[in-house]
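Source file: protein24.pdb. Holds: PDB, C-alpha atoms, pLDDT in the B column.
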```pdb
ATOM      1  CA  GLY A 629       0.000   0.000   0.000  1.00 67.00           C
ATOM      2  CA  ALA A 630       0.887   3.657  -0.211  1.00 80.00           C
ATOM      3  CA  VAL A 631       3.279   4.835   2.485  1.00 87.00           C
ATOM      4  CA  VAL A 632       3.659   8.335   3.847  1.00 92.00           C
ATOM      5  CA  SER A 633       6.492   9.290   6.162  1.00 94.00           C
ATOM      6  CA  GLN A 634       6.984  12.277   8.411  1.00 96.00           C
ATOM      7  CA  HIS A 635      10.153  13.691   9.886  1.00 96.00           C
ATOM      8  CA  PRO A 636      10.863  14.303  12.655  1.00 97.00           C
ATOM      9  CA  SER A 637       8.544  12.150  14.747  1.00 95.00           C
ATOM     10  CA  ARG A 638       9.145  14.326  17.790  1.00 96.00           C
ATOM     11  CA  VAL A 639      10.606  17.775  18.231  1.00 97.00           C
ATOM     12  CA  ILE A 640      11.106  19.993  21.235  1.00 97.00           C
ATOM     13  CA  CYS A 641      11.998  23.616  20.657  1.00 96.00           C
ATOM     14  CA  LYS A 642      12.268  26.888  22.500  1.00 96.00           C
ATOM     15  CA  SER A 643       9.642  29.559  22.179  1.00 97.00           C
ATOM     16  CA  GLY A 644      10.379  31.917  19.294  1.00 96.00           C
ATOM     17  CA  THR A 645      12.208  29.425  17.118  1.00 97.00           C
ATOM     18  CA  SER A 646      10.967  27.902  13.869  1.00 97.00           C
ATOM     19  CA  VAL A 647      10.411  24.222  13.230  1.00 97.00           C
ATOM     20  CA  LYS A 648      10.175  22.441   9.895  1.00 97.00           C
ATOM     21  CA  ILE A 649       8.228  19.198   9.474  1.00 98.00           C
ATOM     22  CA  GLU A 650       8.604  17.088   6.336  1.00 97.00           C
ATOM     23  CA  CYS A 651       5.971  14.880   4.769  1.00 96.00           C
ATOM     24  CA  ARG A 652       6.969  12.442   2.048  1.00 95.00           C
ATOM     25  CA  SER A 653       5.001  10.009  -0.088  1.00 92.00           C
ATOM     26  CA  LEU A 654       7.399   7.104  -0.454  1.00 91.00           C
ATOM     27  CA  ASP A 655       5.954   4.994  -3.240  1.00 86.00           C
ATOM     28  CA  PHE A 656       3.569   7.250  -5.106  1.00 86.00           C
ATOM     29  CA  GLN A 657       3.341  10.765  -6.398  1.00 86.00           C
ATOM     30  CA  ALA A 658       1.022  13.075  -4.556  1.00 85.00           C
ATOM     31  CA  THR A 659      -0.133  16.218  -6.279  1.00 81.00           C
ATOM     32  CA  THR A 660      -2.053  17.082  -3.143  1.00 88.00           C
ATOM     33  CA  MET A 661      -1.061  16.745   0.481  1.00 92.00           C
ATOM     34  CA  PHE A 662      -2.959  17.807   3.563  1.00 93.00           C
ATOM     35  CA  TRP A 663      -1.831  19.052   6.947  1.00 96.00           C
ATOM     36  CA  TYR A 664      -3.867  18.345  10.039  1.00 94.00           C
ATOM     37  CA  ARG A 665      -3.512  19.333  13.646  1.00 95.00           C
ATOM     38  CA  GLN A 666      -4.707  17.145  16.475  1.00 90.00           C
ATOM     39  CA  PHE A 667      -5.148  18.515  19.967  1.00 82.00           C
ATOM     40  CA  PRO A 668      -5.029  16.148  22.947  1.00 76.00           C
ATOM     41  CA  LYS A 669      -8.128  13.988  23.108  1.00 72.00           C
ATOM     42  CA  LYS A 670      -9.573  15.823  20.120  1.00 76.00           C
ATOM     43  CA  SER A 671     -10.163  15.021  16.508  1.00 83.00           C
ATOM     44  CA  LEU A 672      -8.094  16.044  13.521  1.00 88.00           C
ATOM     45  CA  MET A 673      -8.607  19.525  12.186  1.00 91.00           C
ATOM     46  CA  LEU A 674      -7.593  20.278   8.623  1.00 91.00           C
ATOM     47  CA  MET A 675      -5.156  23.172   8.544  1.00 94.00           C
ATOM     48  CA  ALA A 676      -4.349  23.459   4.878  1.00 93.00           C
ATOM     49  CA  THR A 677      -4.284  21.756   1.521  1.00 91.00           C
ATOM     50  CA  SER A 678      -0.911  21.701  -0.183  1.00 89.00           C
ATOM     51  CA  ASN A 679      -0.787  21.510  -3.970  1.00 85.00           C
ATOM     52  CA  GLU A 680       2.434  20.819  -5.827  1.00 83.00           C
ATOM     53  CA  GLY A 681       3.662  23.883  -7.630  1.00 82.00           C
ATOM     54  CA  SER A 682       1.100  26.283  -6.234  1.00 84.00           C
ATOM     55  CA  LYS A 683       0.211  28.073  -3.043  1.00 88.00           C
ATOM     56  CA  ALA A 684      -1.405  26.179  -0.234  1.00 91.00           C
ATOM     57  CA  THR A 685      -5.051  26.692   0.609  1.00 91.00           C
ATOM     58  CA  TYR A 686      -5.565  27.416   4.277  1.00 94.00           C
ATOM     59  CA  GLU A 687      -8.664  26.688   6.309  1.00 92.00           C
ATOM     60  CA  GLN A 688     -10.452  29.501   8.038  1.00 92.00           C
ATOM     61  CA  GLY A 689      -8.702  30.584  11.203  1.00 93.00           C
ATOM     62  CA  VAL A 690      -5.287  29.175  10.287  1.00 95.00           C
ATOM     63  CA  GLU A 691      -2.552  31.799  10.060  1.00 94.00           C
ATOM     64  CA  LYS A 692      -0.748  31.353   6.771  1.00 93.00           C
ATOM     65  CA  ASP A 693       2.198  33.458   7.887  1.00 95.00           C
ATOM     66  CA  LYS A 694       2.679  31.299  10.938  1.00 96.00           C
ATOM     67  CA  PHE A 695       2.243  27.927   9.293  1.00 97.00           C
ATOM     68  CA  LEU A 696       4.247  28.056   6.076  1.00 96.00           C
ATOM     69  CA  ILE A 697       3.622  25.244   3.641  1.00 94.00           C
ATOM     70  CA  ASN A 698       5.816  24.382   0.686  1.00 91.00           C
ATOM     71  CA  HIS A 699       5.036  21.581  -1.745  1.00 89.00           C
ATOM     72  CA  ALA A 700       8.287  21.500  -3.655  1.00 84.00           C
ATOM     73  CA  SER A 701       7.870  18.201  -5.452  1.00 89.00           C
ATOM     74  CA  LEU A 702       5.350  15.454  -6.089  1.00 88.00           C
ATOM     75  CA  THR A 703       6.650  13.527  -3.087  1.00 92.00           C
ATOM     76  CA  LEU A 704       7.492  16.210  -0.535  1.00 94.00           C
ATOM     77  CA  SER A 705       5.562  18.828   1.390  1.00 94.00           C
ATOM     78  CA  THR A 706       6.916  20.779   4.337  1.00 96.00           C
ATOM     79  CA  LEU A 707       5.187  22.613   7.163  1.00 97.00           C
ATOM     80  CA  THR A 708       7.200  25.269   8.957  1.00 97.00           C
ATOM     81  CA  VAL A 709       5.892  26.581  12.248  1.00 97.00           C
ATOM     82  CA  THR A 710       7.423  30.040  12.507  1.00 97.00           C
ATOM     83  CA  SER A 711       8.140  31.767  15.794  1.00 96.00           C
ATOM     84  CA  ALA A 712       6.647  28.871  17.692  1.00 96.00           C
ATOM     85  CA  HIS A 713       4.885  29.440  21.003  1.00 96.00           C
ATOM     86  CA  PRO A 714       3.700  26.963  23.622  1.00 96.00           C
ATOM     87  CA  GLU A 715       0.160  27.112  22.258  1.00 94.00           C
ATOM     88  CA  ASP A 716       1.502  25.672  18.989  1.00 96.00           C
ATOM     89  CA  SER A 717       2.389  22.472  20.807  1.00 95.00           C
ATOM     90  CA  SER A 718       0.356  19.749  19.183  1.00 94.00           C
ATOM     91  CA  PHE A 719       0.399  16.600  17.089  1.00 93.00           C
ATOM     92  CA  TYR A 720       0.736  17.451  13.410  1.00 95.00           C
ATOM     93  CA  ILE A 721      -0.290  14.854  10.848  1.00 94.00           C
ATOM     94  CA  CYS A 722       0.063  14.997   7.099  1.00 95.00           C
ATOM     95  CA  SER A 723      -1.688  12.971   4.460  1.00 93.00           C
ATOM     96  CA  ALA A 724      -1.132  12.482   0.755  1.00 91.00           C
ATOM     97  CA  ARG A 725      -3.776  11.982  -1.869  1.00 85.00           C
ATOM     98  CA  ASN A 726      -3.541   8.998  -4.168  1.00 76.00           C
ATOM     99  CA  LEU A 727      -6.011   8.995  -7.005  1.00 68.00           C
ATOM    100  CA  GLY A 728      -7.757   5.658  -7.051  1.00 60.00           C
ATOM    101  CA  LEU A 729     -10.469   3.954  -8.996  1.00 54.00           C
ATOM    102  CA  ALA A 730     -12.990   6.062 -10.898  1.00 53.00           C
ATOM    103  CA  GLY A 731     -11.110   9.206  -9.999  1.00 57.00           C
ATOM    104  CA  VAL A 732     -11.964   8.897  -6.360  1.00 60.00           C
ATOM    105  CA  SER A 733      -9.066   9.756  -4.154  1.00 67.00           C
ATOM    106  CA  GLU A 734      -7.936   8.240  -0.925  1.00 77.00           C
ATOM    107  CA  GLN A 735      -5.744   9.904   1.641  1.00 84.00           C
ATOM    108  CA  PHE A 736      -2.830   8.077   3.205  1.00 88.00           C
ATOM    109  CA  PHE A 737      -1.665   9.421   6.529  1.00 92.00           C
ATOM    110  CA  GLY A 738       1.778   9.883   7.944  1.00 93.00           C
ATOM    111  CA  PRO A 739       2.660   8.768  11.482  1.00 92.00           C
ATOM    112  CA  GLY A 740       2.530  12.306  12.835  1.00 93.00           C
ATOM    113  CA  THR A 741       4.953  14.721  14.460  1.00 95.00           C
ATOM    114  CA  ARG A 742       4.712  15.651  18.130  1.00 94.00           C
ATOM    115  CA  LEU A 743       5.755  19.278  18.576  1.00 96.00           C
ATOM    116  CA  THR A 744       6.472  20.599  22.054  1.00 96.00           C
ATOM    117  CA  VAL A 745       7.314  24.269  22.446  1.00 97.00           C
ATOM    118  CA  LEU A 746       8.896  25.218  25.753  1.00 96.00           C
TER     119      LEU A 746
ATOM    120  CA  ALA B 821     -21.413  22.169   5.818  1.00 73.00           C
ATOM    121  CA  GLN B 822     -20.947  18.538   6.556  1.00 79.00           C
ATOM    122  CA  SER B 823     -20.380  17.238  10.065  1.00 88.00           C
ATOM    123  CA  VAL B 824     -19.731  13.911  11.751  1.00 93.00           C
ATOM    124  CA  THR B 825     -20.970  12.795  15.138  1.00 94.00           C
ATOM    125  CA  GLN B 826     -19.527   9.920  17.098  1.00 95.00           C
ATOM    126  CA  PRO B 827     -21.792   9.788  20.149  1.00 95.00           C
ATOM    127  CA  ASP B 828     -19.572   7.533  22.241  1.00 94.00           C
ATOM    128  CA  ILE B 829     -16.344   9.028  23.564  1.00 93.00           C
ATOM    129  CA  HIS B 830     -15.279   5.802  25.274  1.00 95.00           C
ATOM    130  CA  ILE B 831     -16.379   2.207  24.847  1.00 97.00           C
ATOM    131  CA  THR B 832     -15.163  -0.784  26.830  1.00 97.00           C
ATOM    132  CA  VAL B 833     -15.789  -4.323  25.634  1.00 97.00           C
ATOM    133  CA  SER B 834     -14.551  -7.706  26.719  1.00 97.00           C
ATOM    134  CA  GLU B 835     -12.175  -9.585  24.499  1.00 97.00           C
ATOM    135  CA  GLY B 836     -14.175 -11.856  22.222  1.00 97.00           C
ATOM    136  CA  ALA B 837     -17.323  -9.777  22.476  1.00 98.00           C
ATOM    137  CA  SER B 838     -18.915  -8.019  19.539  1.00 97.00           C
ATOM    138  CA  LEU B 839     -18.388  -4.337  18.872  1.00 97.00           C
ATOM    139  CA  GLU B 840     -20.376  -1.555  17.267  1.00 98.00           C
ATOM    140  CA  LEU B 841     -19.104   2.014  17.026  1.00 98.00           C
ATOM    141  CA  ARG B 842     -21.642   4.602  15.997  1.00 98.00           C
ATOM    142  CA  CYS B 843     -21.206   7.300  13.407  1.00 97.00           C
ATOM    143  CA  ASN B 844     -23.793   9.762  12.130  1.00 96.00           C
ATOM    144  CA  TYR B 845     -23.128  12.340   9.473  1.00 94.00           C
ATOM    145  CA  SER B 846     -24.753  15.438   8.136  1.00 91.00           C
ATOM    146  CA  TYR B 847     -24.334  16.056   4.423  1.00 83.00           C
ATOM    147  CA  GLY B 848     -26.574  17.244   1.621  1.00 75.00           C
ATOM    148  CA  ALA B 849     -25.910  14.298  -0.664  1.00 77.00           C
ATOM    149  CA  THR B 850     -24.459  10.815  -0.382  1.00 76.00           C
ATOM    150  CA  PRO B 851     -20.973  11.342   0.961  1.00 83.00           C
ATOM    151  CA  TYR B 852     -17.810   9.360   0.820  1.00 88.00           C
ATOM    152  CA  LEU B 853     -17.453   7.662   4.212  1.00 92.00           C
ATOM    153  CA  PHE B 854     -14.374   6.378   5.990  1.00 93.00           C
ATOM    154  CA  TRP B 855     -13.337   4.707   9.203  1.00 96.00           C
ATOM    155  CA  TYR B 856      -9.785   5.164  10.469  1.00 95.00           C
ATOM    156  CA  VAL B 857      -7.989   3.709  13.477  1.00 96.00           C
ATOM    157  CA  GLN B 858      -5.261   5.477  15.424  1.00 92.00           C
ATOM    158  CA  SER B 859      -2.974   3.839  17.955  1.00 88.00           C
ATOM    159  CA  PRO B 860      -1.375   6.076  20.608  1.00 80.00           C
ATOM    160  CA  GLY B 861       1.155   8.460  19.095  1.00 73.00           C
ATOM    161  CA  GLN B 862       0.581   7.086  15.604  1.00 77.00           C
ATOM    162  CA  GLY B 863      -0.969   8.318  12.410  1.00 80.00           C
ATOM    163  CA  LEU B 864      -4.242   7.067  11.003  1.00 89.00           C
ATOM    164  CA  GLN B 865      -4.795   3.761   9.270  1.00 91.00           C
ATOM    165  CA  LEU B 866      -7.731   3.287   6.948  1.00 91.00           C
ATOM    166  CA  LEU B 867     -10.014   0.455   8.035  1.00 95.00           C
ATOM    167  CA  LEU B 868     -12.601   0.737   5.292  1.00 94.00           C
ATOM    168  CA  LYS B 869     -14.408   3.153   3.023  1.00 92.00           C
ATOM    169  CA  TYR B 870     -17.716   3.574   1.245  1.00 92.00           C
ATOM    170  CA  PHE B 871     -17.979   5.321  -2.093  1.00 87.00           C
ATOM    171  CA  SER B 872     -20.933   3.633  -3.794  1.00 85.00           C
ATOM    172  CA  GLY B 873     -22.550   0.251  -4.424  1.00 88.00           C
ATOM    173  CA  ASP B 874     -23.062  -2.356  -1.733  1.00 91.00           C
ATOM    174  CA  THR B 875     -23.916  -0.600   1.495  1.00 93.00           C
ATOM    175  CA  LEU B 876     -22.183  -3.247   3.612  1.00 97.00           C
ATOM    176  CA  VAL B 877     -18.462  -2.660   3.368  1.00 96.00           C
ATOM    177  CA  GLN B 878     -15.760  -5.067   4.454  1.00 97.00           C
ATOM    178  CA  GLY B 879     -12.483  -3.744   5.753  1.00 96.00           C
ATOM    179  CA  ILE B 880      -9.230  -4.892   7.206  1.00 95.00           C
ATOM    180  CA  LYS B 881      -8.755  -6.650  10.541  1.00 94.00           C
ATOM    181  CA  GLY B 882     -12.237  -8.178  10.396  1.00 97.00           C
ATOM    182  CA  PHE B 883     -14.118  -4.873  10.531  1.00 98.00           C
ATOM    183  CA  GLU B 884     -17.203  -4.041   8.522  1.00 98.00           C
ATOM    184  CA  ALA B 885     -19.484  -1.028   8.288  1.00 98.00           C
ATOM    185  CA  GLU B 886     -22.951  -0.471   6.934  1.00 97.00           C
ATOM    186  CA  PHE B 887     -24.117   2.698   5.229  1.00 95.00           C
ATOM    187  CA  LYS B 888     -27.733   3.471   6.065  1.00 95.00           C
ATOM    188  CA  ARG B 889     -28.960   6.444   4.112  1.00 92.00           C
ATOM    189  CA  SER B 890     -32.272   6.680   5.965  1.00 92.00           C
ATOM    190  CA  GLN B 891     -30.444   7.028   9.262  1.00 94.00           C
ATOM    191  CA  SER B 892     -27.447   9.005   7.963  1.00 94.00           C
ATOM    192  CA  SER B 893     -25.284   6.451   9.697  1.00 96.00           C
ATOM    193  CA  PHE B 894     -22.142   4.474   8.981  1.00 97.00           C
ATOM    194  CA  ASN B 895     -21.620   2.275  12.035  1.00 98.00           C
ATOM    195  CA  LEU B 896     -18.508   0.162  12.408  1.00 98.00           C
ATOM    196  CA  ARG B 897     -18.810  -3.426  13.587  1.00 98.00           C
ATOM    197  CA  LYS B 898     -16.642  -6.363  14.485  1.00 98.00           C
ATOM    198  CA  PRO B 899     -18.049  -9.732  15.605  1.00 97.00           C
ATOM    199  CA  SER B 900     -15.219 -10.609  18.001  1.00 97.00           C
ATOM    200  CA  VAL B 901     -12.857  -8.027  19.435  1.00 98.00           C
ATOM    201  CA  HIS B 902      -9.188  -8.750  20.072  1.00 96.00           C
ATOM    202  CA  TRP B 903      -7.043  -7.018  22.693  1.00 96.00           C
ATOM    203  CA  SER B 904      -4.988  -5.498  19.861  1.00 95.00           C
ATOM    204  CA  ASP B 905      -8.079  -3.605  18.670  1.00 97.00           C
ATOM    205  CA  ALA B 906      -7.753  -1.195  21.594  1.00 96.00           C
ATOM    206  CA  ALA B 907      -7.203   2.185  19.938  1.00 96.00           C
ATOM    207  CA  GLU B 908      -9.072   5.307  18.911  1.00 94.00           C
ATOM    208  CA  TYR B 909     -11.437   5.123  15.972  1.00 97.00           C
ATOM    209  CA  PHE B 910     -12.419   8.025  13.755  1.00 96.00           C
ATOM    210  CA  CYS B 911     -15.278   8.250  11.313  1.00 96.00           C
ATOM    211  CA  ALA B 912     -14.825  10.737   8.478  1.00 93.00           C
ATOM    212  CA  VAL B 913     -16.875  12.218   5.667  1.00 91.00           C
ATOM    213  CA  GLY B 914     -15.448  13.294   2.341  1.00 86.00           C
ATOM    214  CA  GLU B 915     -17.054  15.767  -0.014  1.00 74.00           C
ATOM    215  CA  ARG B 916     -18.092  14.165  -3.294  1.00 67.00           C
ATOM    216  CA  GLY B 917     -17.446  17.264  -5.337  1.00 63.00           C
ATOM    217  CA  SER B 918     -13.781  17.298  -4.398  1.00 58.00           C
ATOM    218  CA  HIS B 919     -13.198  13.579  -5.080  1.00 51.00           C
ATOM    219  CA  GLY B 920     -13.468  13.065  -1.352  1.00 51.00           C
ATOM    220  CA  ASN B 921     -10.412  15.196  -0.826  1.00 69.00           C
ATOM    221  CA  LYS B 922     -11.558  17.281   2.045  1.00 79.00           C
ATOM    222  CA  LEU B 923     -12.242  15.109   5.054  1.00 87.00           C
ATOM    223  CA  VAL B 924     -14.226  16.073   8.093  1.00 89.00           C
ATOM    224  CA  PHE B 925     -13.581  13.885  11.101  1.00 92.00           C
ATOM    225  CA  GLY B 926     -15.713  12.942  14.042  1.00 93.00           C
ATOM    226  CA  ALA B 927     -14.386  13.451  17.560  1.00 92.00           C
ATOM    227  CA  GLY B 928     -13.314   9.837  17.829  1.00 94.00           C
ATOM    228  CA  THR B 929     -14.228   6.875  20.019  1.00 96.00           C
ATOM    229  CA  ILE B 930     -11.663   5.342  22.324  1.00 95.00           C
ATOM    230  CA  LEU B 931     -12.011   1.582  22.501  1.00 97.00           C
ATOM    231  CA  ARG B 932     -10.792  -0.262  25.552  1.00 97.00           C
ATOM    232  CA  VAL B 933     -10.669  -4.050  25.556  1.00 97.00           C
ATOM    233  CA  LYS B 934     -10.748  -5.907  28.834  1.00 96.00           C
ATOM    234  CA  SER B 935      -9.565  -9.466  29.205  1.00 89.00           C
TER     235      SER B 935
END
```

For this file, write the structure as structure tokens.
Amino acid sequence: GAVVSQHPSRVICKSGTSVKIECRSLDFQATTMFWYRQFPKKSLMLMATSNEGSKATYEQGVEKDKFLINHASLTLSTLTVTSAHPEDSSFYICSARNLGLAGVSEQFFGPGTRLTVL
Amino acid sequence: AQSVTQPDIHITVSEGASLELRCNYSYGATPYLFWYVQSPGQGLQLLLKYFSGDTLVQGIKGFEAEFKRSQSSFNLRKPSVHWSDAAEYFCAVGERGSHGNKLVFGAGTILRVKS
């Protein structure tokens, strides 16, 4: 099956620094990747849709200048949390879209990145 | 806008017992429907999906789900639960117009299995 990796799996940083999270589709090309945020004991909330070669589409309430998304190739999307603060601490999960039968897509999820901002 | 409701936050079942996790959705048309499982600190694994056709869908690990349009439900079932099934389960709805791209997730149901 389709595999999506994320790096790093865990990161701890000081307040005010920036953190980059990578999302890679390992055995398929993904024109579209998605970034989700999961708060403790909560569901996943879509942050943005990342399209290869174009600007990301952010969901309402997500600061695009704080959460920078770059989809540089068909297998790599990055999320950079700029000037991180403790309230940005969360579990960030990416997914990649693989177009399946009859043009219906399926999302494959990465293992997630636990960000802790001190 | 579409929404997903998973009424049960926690469910505890005995190993070997049957399981049903509830999911209700709100959507103007027939949606794409998914069930995912998440183990602690892990990403999501797709258990099964419904796009069209037979309303009873078989998935991995012995799970199945039934789409009931009249009840706007997509409940997940398993006839005999194993201890390794303990995890959190998410129901999700995908918009048809976007090839199911944009997923809306329910709040999740945590399954505990007692021996």

> Quick one: which residues from chain A are at most 9 Å off chain B, using all atoms listed in the file, as a list in words?
Replying inline: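 Selected residues: Thr660, Phe662, Lys669, Lys670, Ser671, Leu672, Met673, Leu674, Thr677, Phe719, Ile721, Cys722, Arg725, Leu727, Gly731, Val732, Ser733, Glu734, Gln735, Phe736, Phe737, Gly738, Pro739, Gly740, Thr741 and Arg742 of chain A.
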
>> Taking the file as I've supplied it (selection: the PyMOL selection byres ((chain B and resi 905) around 10)), which residues are included? Please answer as a PyMOL selection string.
In response: chain B and resi 835+857+859+881+898+901-904+906-909+931-933

>> To test your reading of the syntax: which residues would the PyMOL selection byres ((chain A and resi 656) around 10) return for the file shown? Reply as a VMD selection string.
In response: chain A and resid 629 to 632 652 to 655 657 to 659 702 to 703 724 to 727

> When you draw a straight line from atom CA of Thr685 of chain A to atom CA of Ser701 of chain A, how long is it in Å?
Replying inline: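 Interatomic distance here is 16.6 Å.
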
Box time for segment 921-928 of chain B: axis-aligned, enclosing all its listed atoms, 6 Å extra on each side; report centre and edge lengths in Å to one decimal, as AutoDock Vina command-line options.
```
--center_x -13.1 --center_y 13.6 --center_z 8.5 --size_x 17.3 --size_y 19.4 --size_z 30.7
```

> Between atom CA of Pro899 of chain B and atom CA of Ala837 of chain B, what is the spacing in Å?
Replying inline: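 Pair atom CA of Ala837 of chain B / atom CA of Pro899 of chain B returns 6.9 Å.
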
>> Please enumerate the residues selected by the PyMOL selection byres ((chain B and resi 897) around 9) when evaluated against the supplied file, formatted as a PyMOL selection string.
In response: chain B and resi 838-842+882-886+895-896+898-899

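Here atom CA of Glu687 of chain A and atom CA of Arg665 of chain A stand 11.6 Å from one another.
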
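Surrounding residues of (-26.7, 10.8, 2.6) at most 12 Å away are B:Gln822, B:Ser823, B:Val824, B:Asn844, B:Tyr845, B:Ser846, B:Tyr847, B:Gly848, B:Ala849, B:Thr850, B:Pro851, B:Tyr852, B:Leu853, B:Tyr870, B:Phe871, B:Ser872, B:Thr875, B:Phe887, B:Lys888, B:Arg889, B:Ser890, B:Gln891, B:Ser892, B:Ser893, B:Phe894, B:Val913, B:Gly914, B:Glu915, B:Arg916 (based on only C-alpha atoms).
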